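Note sheet for the following structure.
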There are 2 protein chains.
Amino acid sequence: MKMEDMVLISVDDHISEPPDMFKKHLKGSELASAPQFHTSPTGANYWTYQGMTMTSVGLNAVVGRVPEEYGMEPQSLAEVRKGCYDPKARLDDMNVNGIAASLNFGSVGGFEGSRCYHRAPDKKLALVHLRAYNDWHIDEWCGYDRGRFIPCAILPTWDMDATVAEIERVAAKGCTAITVSENPSKIGLPSVHNAYWEPMWKALTDHDITINLHIGSGNAAPHASAETPIEAWITTMPMSISTGASDWLQLEALQRYPDMKIILNESGIGWVPYFMERADFSHWRHSAWTHSGFNGTKPSEVFRKHFMTCFIDDAFGLKNLKEIGEDMVAYECDYPHSDALWPEVPEWLWKSVQGLTDTQIDKVTHLNAMRMLRHDLFNHYTHEELTVGALRARATADHVDTTPISTSGAAPLAAGEKARRVTSGDIFRMFEAQGRVATAE
Amino acid sequence: MKMEDMVLISVDDHISEPPDMFKKHLKGSELASAPQFHTSPTGANYWTYQGMTMTSVGLNAVVGRVPEEYGMEPQSLAEVRKGCYDPKARLDDMNVNGIAASLNFGSVGGFEGSRCYHRAPDKKLALVHLRAYNDWHIDEWCGYDRGRFIPCAILPTWDMDATVAEIERVAAKGCTAITVSENPSKIGLPSVHNAYWEPMWKALTDHDITINLHIGSGNAAPHASAETPIEAWITTMPMSISTGASDWLQLEALQRYPDMKIILNESGIGWVPYFMERADFSHWRHSAWTHSGFNGTKPSEVFRKHFMTCFIDDAFGLKNLKEIGEDMVAYECDYPHSDALWPEVPEWLWKSVQGLTDTQIDKVTHLNAMRMLRHDLFNHYTHEELTVGALRARATADHVDTTPISTSGAAPLAAGEKARRVTSGDIFRMFEAQGRVATAE
């Protein structure tokens, strides 16, 4: 295999929702009461909904900028690449990066909607608008190219009947993935161990829909202190999902639903062998008093069977692929966030898969994602049309411009301040000034 | 090498402080105002100090129990092995377990004193009693056998002058290790990035004293929810130190004090190669805007140079010893806590070092700990006297009894309740009923 022959699926990318997202999916009072897009006098974009203001339009959408401007500050769609909110431009950006297909999370309401629909006081309306979000996401964004965009719906988990109905509704549209909070107890719902969730487990497995748990969508990635350099937080952010992984690994429902499938998006993979070994040790050592329910299996067997982990750049993890399980690892790009190696993903990836067989490369680059997400890439395109080489040739023909841009967005440090280490506190203060919520992004 | 030939140092064990600990080190009003040991009408032990009550006498001191009674509930010294509070009995328990030498943390006031001296309203008195704690720990406990106990002092970090003076005082006693909170901002002090700590860094490196950061002594090991089975928390507890590791890795003082030495006690090791790789990636990817200060070195180089990590049972980590750095890994037993493999440490360890060379085995079992802690084991005893085989022969001659004991201590589940999965909430409720603080133990 050559670098150009790889076929790449990314199971974790992001969209900055476009202003007109609800237009084709609602009308009359339902459209009028939907989240509304605004531009402030200073040019910042934000959304309002049921008395709430959601300001992180751009989130950490810094792809394509010069590295000096990776500082989490974009506040308007004018400051981010068009690929963040326009599916045609996104395909261009995927082509130039050699990405065949992509699963995307929303931004404005959080990855799984908990900062918008889940917080809304009028839950009847919230349900209408959450459904419209899914219609936009599935029919319009992913509908732009159903081969290359993999739908991932959000769910009204505050209402279990509505959740089951929405699962059935999106399943009928061919949606095979959903995302929920990786710790619903942090958004005011029962923990995943509560019987409350039983109808959801059943509906998801009945329809063979995969659960996506994105880092930061429940358990916070902890900042040690306001004085801590922000790089410390960036370093531990992916691994912070180990709290959620450990929580879900104990899910008794996994015993009853052997086909339940879970993806830990943006998890990283290199820590996973240690984690599984530690889970086995803890179970062996403590089950006589904890009565934990693994029914004679080992936690590591349960993890390998149900959980897929994902990597951006993870040489140590790939070196130990056998220990993680070569069928349960997938690539992710994280476009348009700052860790995304756009537009040089193929070069980075090719370096780190050098120790793998061609079969293993195919598995981690696309086959595992296709299987876990029931996404039949080659129903839509031929293999030859989706290779890194073919997609990049198309990008060249289309003159996709990847020149690093400088948008002169506000930096975390004050204007004129001498360069010094940026801390968690600097980011908190910047977010506060922007009216944004400082959680794991 | 044979199993019996190994020489084992444990860099993380624990003491349940004995009732008379201050007796030989204070007198008059200073003794009268020191922490006082009590027994409740139900037989529970607790300490009182300056209006505070500290109840976790036994902490998780379940060593030697039947596994059904590992449930974190011991409340009295009568319920724990004598080795928890008596140095002679501890040596017996070390002998039978093949442990040549041990570094110990206290229990009642937390690992580094923050639940006792740091919270005390009268800080002048607290300083007197903290010093007396160190005198007891260094002169009496470790003084019982200075070859086999490695002193680890606590510091009055609320007062930097007193901290420097105490470092000088314990250094003069030959103490080569101290422990402080791995996140002082959680106990009301400035973060480690604050200039506040400068005199401490200087004094510690001037005296070549090693910093020990125990898991849970600052950053909490997170419980996902009260309904989460407690095994989830047990699983992630060691890895929770990654927040602290990432915080300290950014410490600018490491550039100025190239000899600063840090041990992450109870950290585990298998996740470390991933962590270092991720720290390097984060630095490479973000330093243009974070201005993080690694002066041209990589975070992984800084980590390998300054930080030692420790393992209880960690086959994957040992398999990847080269990636971690064979000079910066040490064994730990965690006696008398529930993860301790007492009295079968040699058998467990021997299995997991099978892939190592004899030189590597010597390094991880004792040479690295000796170097990092400046503890010259063989100044006190010959090599032959301290092997697993020699110590176990002594235990046999001394008839050390290791028969598992049942103390019928209160289990986390209510009396008569049918066995079911023990949750974090069960532990919170048990601790609350016992008046204990539910933090990482």
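Here's how to read the names in the structure tokens: chain A, B, ... by the order shown, residue numbers from 1 in each chain, ligand numbers from 1 in the order shown.
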
Up to 6 Å from chain B, what residues of chain A turn up? Count only C-alpha atoms and give them as a PyMOL selection string. chain A and resi 67-68+232+235+246-247+270-271+274+278-279+282+288-292+420-422

Counting only C-alpha atoms, what is within 10 Å of B:Tyr117, bar same-chain residues fewer than 2 positions away, as a list in words? Pro35, Tyr49, Gln50, Gly109, Gly110, Glu112, Gly113, Ser114, Arg115, Arg119, Ala120, Pro121, Asp122, Lys123, Lys124, Leu125, Ala126, Leu127, Val128, His129, Leu130, Ile154, Leu155, Pro156, Thr157 and Trp158 of chain B

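For B:Ser10, the list of residues within 7 Å, based on only C-alpha atoms and with local chain neighbours fewer than 2 positions off taken out, reads Leu8, Asp12, Asp13, Ile99, Ala101, Ser102, Leu103, Tyr331, Glu332 and Cys333 of chain B.
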
Those selected residues, please, written with N, CA, C and O atoms and delivered as a PDB file, in the first residue's frame.
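File part.pdb, as written:
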ATOM      1  N   LEU B   8      13.376  -5.836  46.911  1.00  0.00           N
ATOM      2  CA  LEU B   8      12.217  -4.996  46.616  1.00  0.00           C
ATOM      3  C   LEU B   8      12.109  -3.779  47.528  1.00  0.00           C
ATOM      4  O   LEU B   8      12.107  -3.913  48.759  1.00  0.00           O
ATOM      5  N   ASP B  12       5.552   3.359  48.064  1.00  0.00           N
ATOM      6  CA  ASP B  12       4.236   3.877  48.463  1.00  0.00           C
ATOM      7  C   ASP B  12       3.524   2.884  49.359  1.00  0.00           C
ATOM      8  O   ASP B  12       2.901   1.934  48.893  1.00  0.00           O
ATOM      9  N   ASP B  13       3.634   3.123  50.674  1.00  0.00           N
ATOM     10  CA  ASP B  13       2.872   2.360  51.664  1.00  0.00           C
ATOM     11  C   ASP B  13       2.275   3.354  52.643  1.00  0.00           C
ATOM     12  O   ASP B  13       2.497   4.575  52.515  1.00  0.00           O
ATOM     13  N   ILE B  99       9.564  -7.566  51.085  1.00  0.00           N
ATOM     14  CA  ILE B  99       9.854  -6.145  50.856  1.00  0.00           C
ATOM     15  C   ILE B  99      11.039  -5.717  51.723  1.00  0.00           C
ATOM     16  O   ILE B  99      10.961  -5.768  52.955  1.00  0.00           O
ATOM     17  N   ALA B 101      12.514  -2.519  51.772  1.00  0.00           N
ATOM     18  CA  ALA B 101      12.373  -1.173  52.351  1.00  0.00           C
ATOM     19  C   ALA B 101      11.107  -0.518  51.825  1.00  0.00           C
ATOM     20  O   ALA B 101      10.591  -0.875  50.758  1.00  0.00           O
ATOM     21  N   SER B 102      10.633   0.466  52.597  1.00  0.00           N
ATOM     22  CA  SER B 102       9.318   1.025  52.319  1.00  0.00           C
ATOM     23  C   SER B 102       9.249   2.509  52.662  1.00  0.00           C
ATOM     24  O   SER B 102       9.768   2.944  53.698  1.00  0.00           O
ATOM     25  N   LEU B 103       8.621   3.293  51.786  1.00  0.00           N
ATOM     26  CA  LEU B 103       8.353   4.705  52.061  1.00  0.00           C
ATOM     27  C   LEU B 103       6.867   4.832  52.391  1.00  0.00           C
ATOM     28  O   LEU B 103       6.024   4.330  51.655  1.00  0.00           O
ATOM     29  N   TYR B 331       8.788   0.141  41.829  1.00  0.00           N
ATOM     30  CA  TYR B 331       7.714  -0.708  42.356  1.00  0.00           C
ATOM     31  C   TYR B 331       7.087  -0.055  43.587  1.00  0.00           C
ATOM     32  O   TYR B 331       7.734   0.678  44.326  1.00  0.00           O
ATOM     33  N   GLU B 332       5.793  -0.322  43.803  1.00  0.00           N
ATOM     34  CA  GLU B 332       5.162   0.051  45.062  1.00  0.00           C
ATOM     35  C   GLU B 332       4.182  -1.032  45.467  1.00  0.00           C
ATOM     36  O   GLU B 332       3.593  -1.710  44.626  1.00  0.00           O
ATOM     37  N   CYS B 333       3.992  -1.172  46.767  1.00  0.00           N
ATOM     38  CA  CYS B 333       3.122  -2.236  47.282  1.00  0.00           C
ATOM     39  C   CYS B 333       1.737  -1.699  47.653  1.00  0.00           C
ATOM     40  O   CYS B 333       0.742  -2.352  47.442  1.00  0.00           O
TER      41      CYS B 333
END

Using only C-alpha atoms, tabulate the residues of stretch 172-268 of chain B lying at most 12 Å from any atom of stretch 369-378 of chain B, each with its closest atom pair and that distance in Å to one decimal, by chain and increasing residue number, as JSON lines.
{"residue": "B:Gly174", "atom": "CA", "partner": "B:His375", "partner_atom": "CA", "distance": 9.6}
{"residue": "B:Cys175", "atom": "CA", "partner": "B:Leu373", "partner_atom": "CA", "distance": 9.2}
{"residue": "B:Thr176", "atom": "CA", "partner": "B:Leu373", "partner_atom": "CA", "distance": 6.0}
{"residue": "B:Ala177", "atom": "CA", "partner": "B:Leu373", "partner_atom": "CA", "distance": 6.5}
{"residue": "B:Ile178", "atom": "CA", "partner": "B:Leu373", "partner_atom": "CA", "distance": 10.0}
{"residue": "B:His207", "atom": "CA", "partner": "B:Arg374", "partner_atom": "CA", "distance": 11.0}
{"residue": "B:Asp208", "atom": "CA", "partner": "B:Arg374", "partner_atom": "CA", "distance": 8.4}
{"residue": "B:Ile209", "atom": "CA", "partner": "B:Leu373", "partner_atom": "CA", "distance": 7.5}
{"residue": "B:Thr210", "atom": "CA", "partner": "B:Leu373", "partner_atom": "CA", "distance": 6.3}
{"residue": "B:Ile211", "atom": "CA", "partner": "B:Leu373", "partner_atom": "CA", "distance": 9.4}
{"residue": "B:Asn212", "atom": "CA", "partner": "B:Leu373", "partner_atom": "CA", "distance": 9.9}
{"residue": "B:Asp259", "atom": "CA", "partner": "B:Met372", "partner_atom": "CA", "distance": 10.5}
{"residue": "B:Met260", "atom": "CA", "partner": "B:Met372", "partner_atom": "CA", "distance": 10.1}
{"residue": "B:Lys261", "atom": "CA", "partner": "B:Met372", "partner_atom": "CA", "distance": 7.0}
{"residue": "B:Ile262", "atom": "CA", "partner": "B:Met372", "partner_atom": "CA", "distance": 8.5}
{"residue": "B:Ile263", "atom": "CA", "partner": "B:Met372", "partner_atom": "CA", "distance": 8.3}
{"residue": "B:Leu264", "atom": "CA", "partner": "B:Met372", "partner_atom": "CA", "distance": 11.9}
{"residue": "B:Asn265", "atom": "CA", "partner": "B:Ala369", "partner_atom": "CA", "distance": 11.7}

If you count only C-alpha atoms, which residues fall within 7 Å of A:Val63, apart from same-chain ones fewer than 3 positions away, as a PDB file with N, CA, C and O atoms, in the first residue's frame?
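Below is the file that was written, around.pdb:
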ATOM      1  N   ARG A  81     -13.057  28.859   8.594  1.00  0.00           N
ATOM      2  CA  ARG A  81     -13.128  28.383   7.201  1.00  0.00           C
ATOM      3  C   ARG A  81     -14.562  28.052   6.837  1.00  0.00           C
ATOM      4  O   ARG A  81     -15.333  27.562   7.657  1.00  0.00           O
ATOM      5  N   TYR A 335     -11.498  17.922  12.579  1.00  0.00           N
ATOM      6  CA  TYR A 335     -11.743  19.176  11.847  1.00  0.00           C
ATOM      7  C   TYR A 335     -12.975  19.844  12.430  1.00  0.00           C
ATOM      8  O   TYR A 335     -13.957  19.175  12.690  1.00  0.00           O
ATOM      9  N   PRO A 336     -13.011  21.116  12.672  1.00  0.00           N
ATOM     10  CA  PRO A 336     -11.999  22.137  12.420  1.00  0.00           C
ATOM     11  C   PRO A 336     -11.255  22.568  13.689  1.00  0.00           C
ATOM     12  O   PRO A 336     -10.793  23.694  13.776  1.00  0.00           O
ATOM     13  N   HIS A 337     -11.169  21.668  14.671  1.00  0.00           N
ATOM     14  CA  HIS A 337     -10.544  22.057  15.942  1.00  0.00           C
ATOM     15  C   HIS A 337      -9.016  22.047  15.827  1.00  0.00           C
ATOM     16  O   HIS A 337      -8.455  21.544  14.856  1.00  0.00           O
ATOM     17  N   SER A 338      -8.405  22.588  16.878  1.00  0.00           N
ATOM     18  CA  SER A 338      -6.977  22.899  16.751  1.00  0.00           C
ATOM     19  C   SER A 338      -6.063  21.684  16.674  1.00  0.00           C
ATOM     20  O   SER A 338      -4.932  21.786  16.224  1.00  0.00           O
TER      21      SER A 338
END

I want to know what sits within 10 Å of B:Val96, based on only C-alpha atoms, with residues of the same chain fewer than 2 positions away left out; could you give that as JSON, numbers by chain? {"B": [90, 91, 92, 93, 94, 98, 99, 342, 343, 344, 345, 346, 388, 389, 390, 391, 392, 393, 394, 395, 396, 398, 399, 400, 401, 402]}

Just to be explicit: take each residue in the selection above, keep N, CA and C atoms, and write the result as a CSV table (one decimal), in the first residue's frame.
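Result written to selection.csv:
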chain,number,residue,atom,x,y,z
B,90,ARG,N,5.1,-4.2,61.3
B,90,ARG,CA,5.3,-3.9,59.9
B,90,ARG,C,6.5,-4.6,59.2
B,91,LEU,N,7.6,-4.6,60.0
B,91,LEU,CA,8.7,-5.3,59.5
B,91,LEU,C,8.4,-6.8,59.2
B,92,ASP,N,7.7,-7.4,60.2
B,92,ASP,CA,7.2,-8.8,60.0
B,92,ASP,C,6.5,-8.9,58.7
B,93,ASP,N,5.5,-8.0,58.5
B,93,ASP,CA,4.7,-8.0,57.3
B,93,ASP,C,5.5,-7.8,56.0
B,94,MET,N,6.5,-6.9,56.1
B,94,MET,CA,7.4,-6.7,55.0
B,94,MET,C,8.2,-8.0,54.7
B,98,GLY,N,8.5,-10.1,51.3
B,98,GLY,CA,9.7,-10.0,50.6
B,98,GLY,C,10.1,-8.5,50.3
B,99,ILE,N,9.6,-7.6,51.1
B,99,ILE,CA,9.9,-6.1,50.9
B,99,ILE,C,11.0,-5.7,51.7
B,342,TRP,N,-0.1,-8.1,49.1
B,342,TRP,CA,0.4,-8.8,50.3
B,342,TRP,C,-0.3,-10.1,50.5
B,343,PRO,N,0.3,-11.1,50.9
B,343,PRO,CA,1.7,-11.3,51.1
B,343,PRO,C,2.4,-12.0,49.8
B,344,GLU,N,1.8,-11.8,48.7
B,344,GLU,CA,2.2,-12.5,47.5
B,344,GLU,C,2.9,-11.6,46.4
B,345,VAL,N,3.4,-10.4,46.9
B,345,VAL,CA,4.0,-9.5,46.0
B,345,VAL,C,5.1,-10.2,45.1
B,346,PRO,N,6.0,-10.9,45.7
B,346,PRO,CA,7.1,-11.5,44.8
B,346,PRO,C,6.5,-12.4,43.7
B,388,VAL,N,14.3,-11.3,48.6
B,388,VAL,CA,13.0,-11.9,48.9
B,388,VAL,C,13.1,-13.2,49.7
B,389,GLY,N,14.1,-14.1,49.2
B,389,GLY,CA,14.3,-15.4,49.9
B,389,GLY,C,14.7,-15.2,51.3
B,390,ALA,N,15.7,-14.3,51.6
B,390,ALA,CA,16.2,-14.1,52.9
B,390,ALA,C,15.1,-13.5,53.9
B,391,LEU,N,14.4,-12.6,53.4
B,391,LEU,CA,13.3,-11.9,54.2
B,391,LEU,C,12.2,-12.9,54.6
B,392,ARG,N,11.9,-13.7,53.6
B,392,ARG,CA,10.8,-14.7,53.8
B,392,ARG,C,11.3,-15.8,54.8
B,393,ALA,N,12.6,-16.1,54.7
B,393,ALA,CA,13.1,-17.1,55.6
B,393,ALA,C,13.0,-16.6,57.0
B,394,ARG,N,13.3,-15.3,57.2
B,394,ARG,CA,13.2,-14.7,58.5
B,394,ARG,C,11.7,-14.7,59.0
B,395,ALA,N,10.8,-14.4,58.1
B,395,ALA,CA,9.3,-14.4,58.4
B,395,ALA,C,8.9,-15.8,58.9
B,396,THR,N,9.4,-16.8,58.2
B,396,THR,CA,9.1,-18.2,58.6
B,396,THR,C,9.6,-18.5,60.0
B,398,ASP,N,10.1,-16.4,62.2
B,398,ASP,CA,9.4,-15.6,63.2
B,398,ASP,C,7.9,-16.0,63.3
B,399,HIS,N,7.5,-17.0,62.5
B,399,HIS,CA,6.1,-17.4,62.5
B,399,HIS,C,5.1,-16.3,62.2
B,400,VAL,N,5.4,-15.5,61.2
B,400,VAL,CA,4.4,-14.4,60.9
B,400,VAL,C,3.2,-15.0,60.3
B,401,ASP,N,2.1,-14.7,60.9
B,401,ASP,CA,0.8,-15.3,60.5
B,401,ASP,C,0.1,-14.5,59.5
B,402,THR,N,-0.2,-15.1,58.3
B,402,THR,CA,-0.9,-14.4,57.2
B,402,THR,C,-2.3,-14.9,57.0

Could you tell me how far atom CA of A:Thr55 lies from atom CA of A:Gln434, in Å and to one decimal?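 Separation between atom CA of A:Thr55 and atom CA of A:Gln434: 7.3 Å.
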
DSSP strand (DSSP E or B) residues within stretch 93-329 of chain B, listed as a PyMOL selection string: chain B and resi 99-105+149-150+153-154+177-179+210-214+229+262-265+307-311+329

Shell of 6 Å around A:Met328, only C-alpha atoms, local chain residues under 2 positions omitted, as a list of chain:residue names: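 Counting only the stated atoms, we get A:Met308, A:Gly325, A:Glu326.
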
B:Met21 surroundings by only C-alpha atoms, 7 Å radius, close-in-sequence under 3 positions cut, as a VMD selection string: chain B and resid 17 to 18 136

Would you mind exporting the chosen residues as a tab-separated table (two decimals), in the first residue's frame, restricted to C-alpha atoms?
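The file below, again-v7.tsv, is the result:
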chain	number	residue	atom	x	y	z
B	17	GLU	CA	-0.92	6.53	63.09
B	18	PRO	CA	-0.66	4.97	66.58
B	136	TRP	CA	7.66	10.73	65.17

What is the distance, in Å and to one decimal place, between atom CA of B:Gly51 and atom CA of B:Ala34?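 Interatomic distance here is 11.5 Å.
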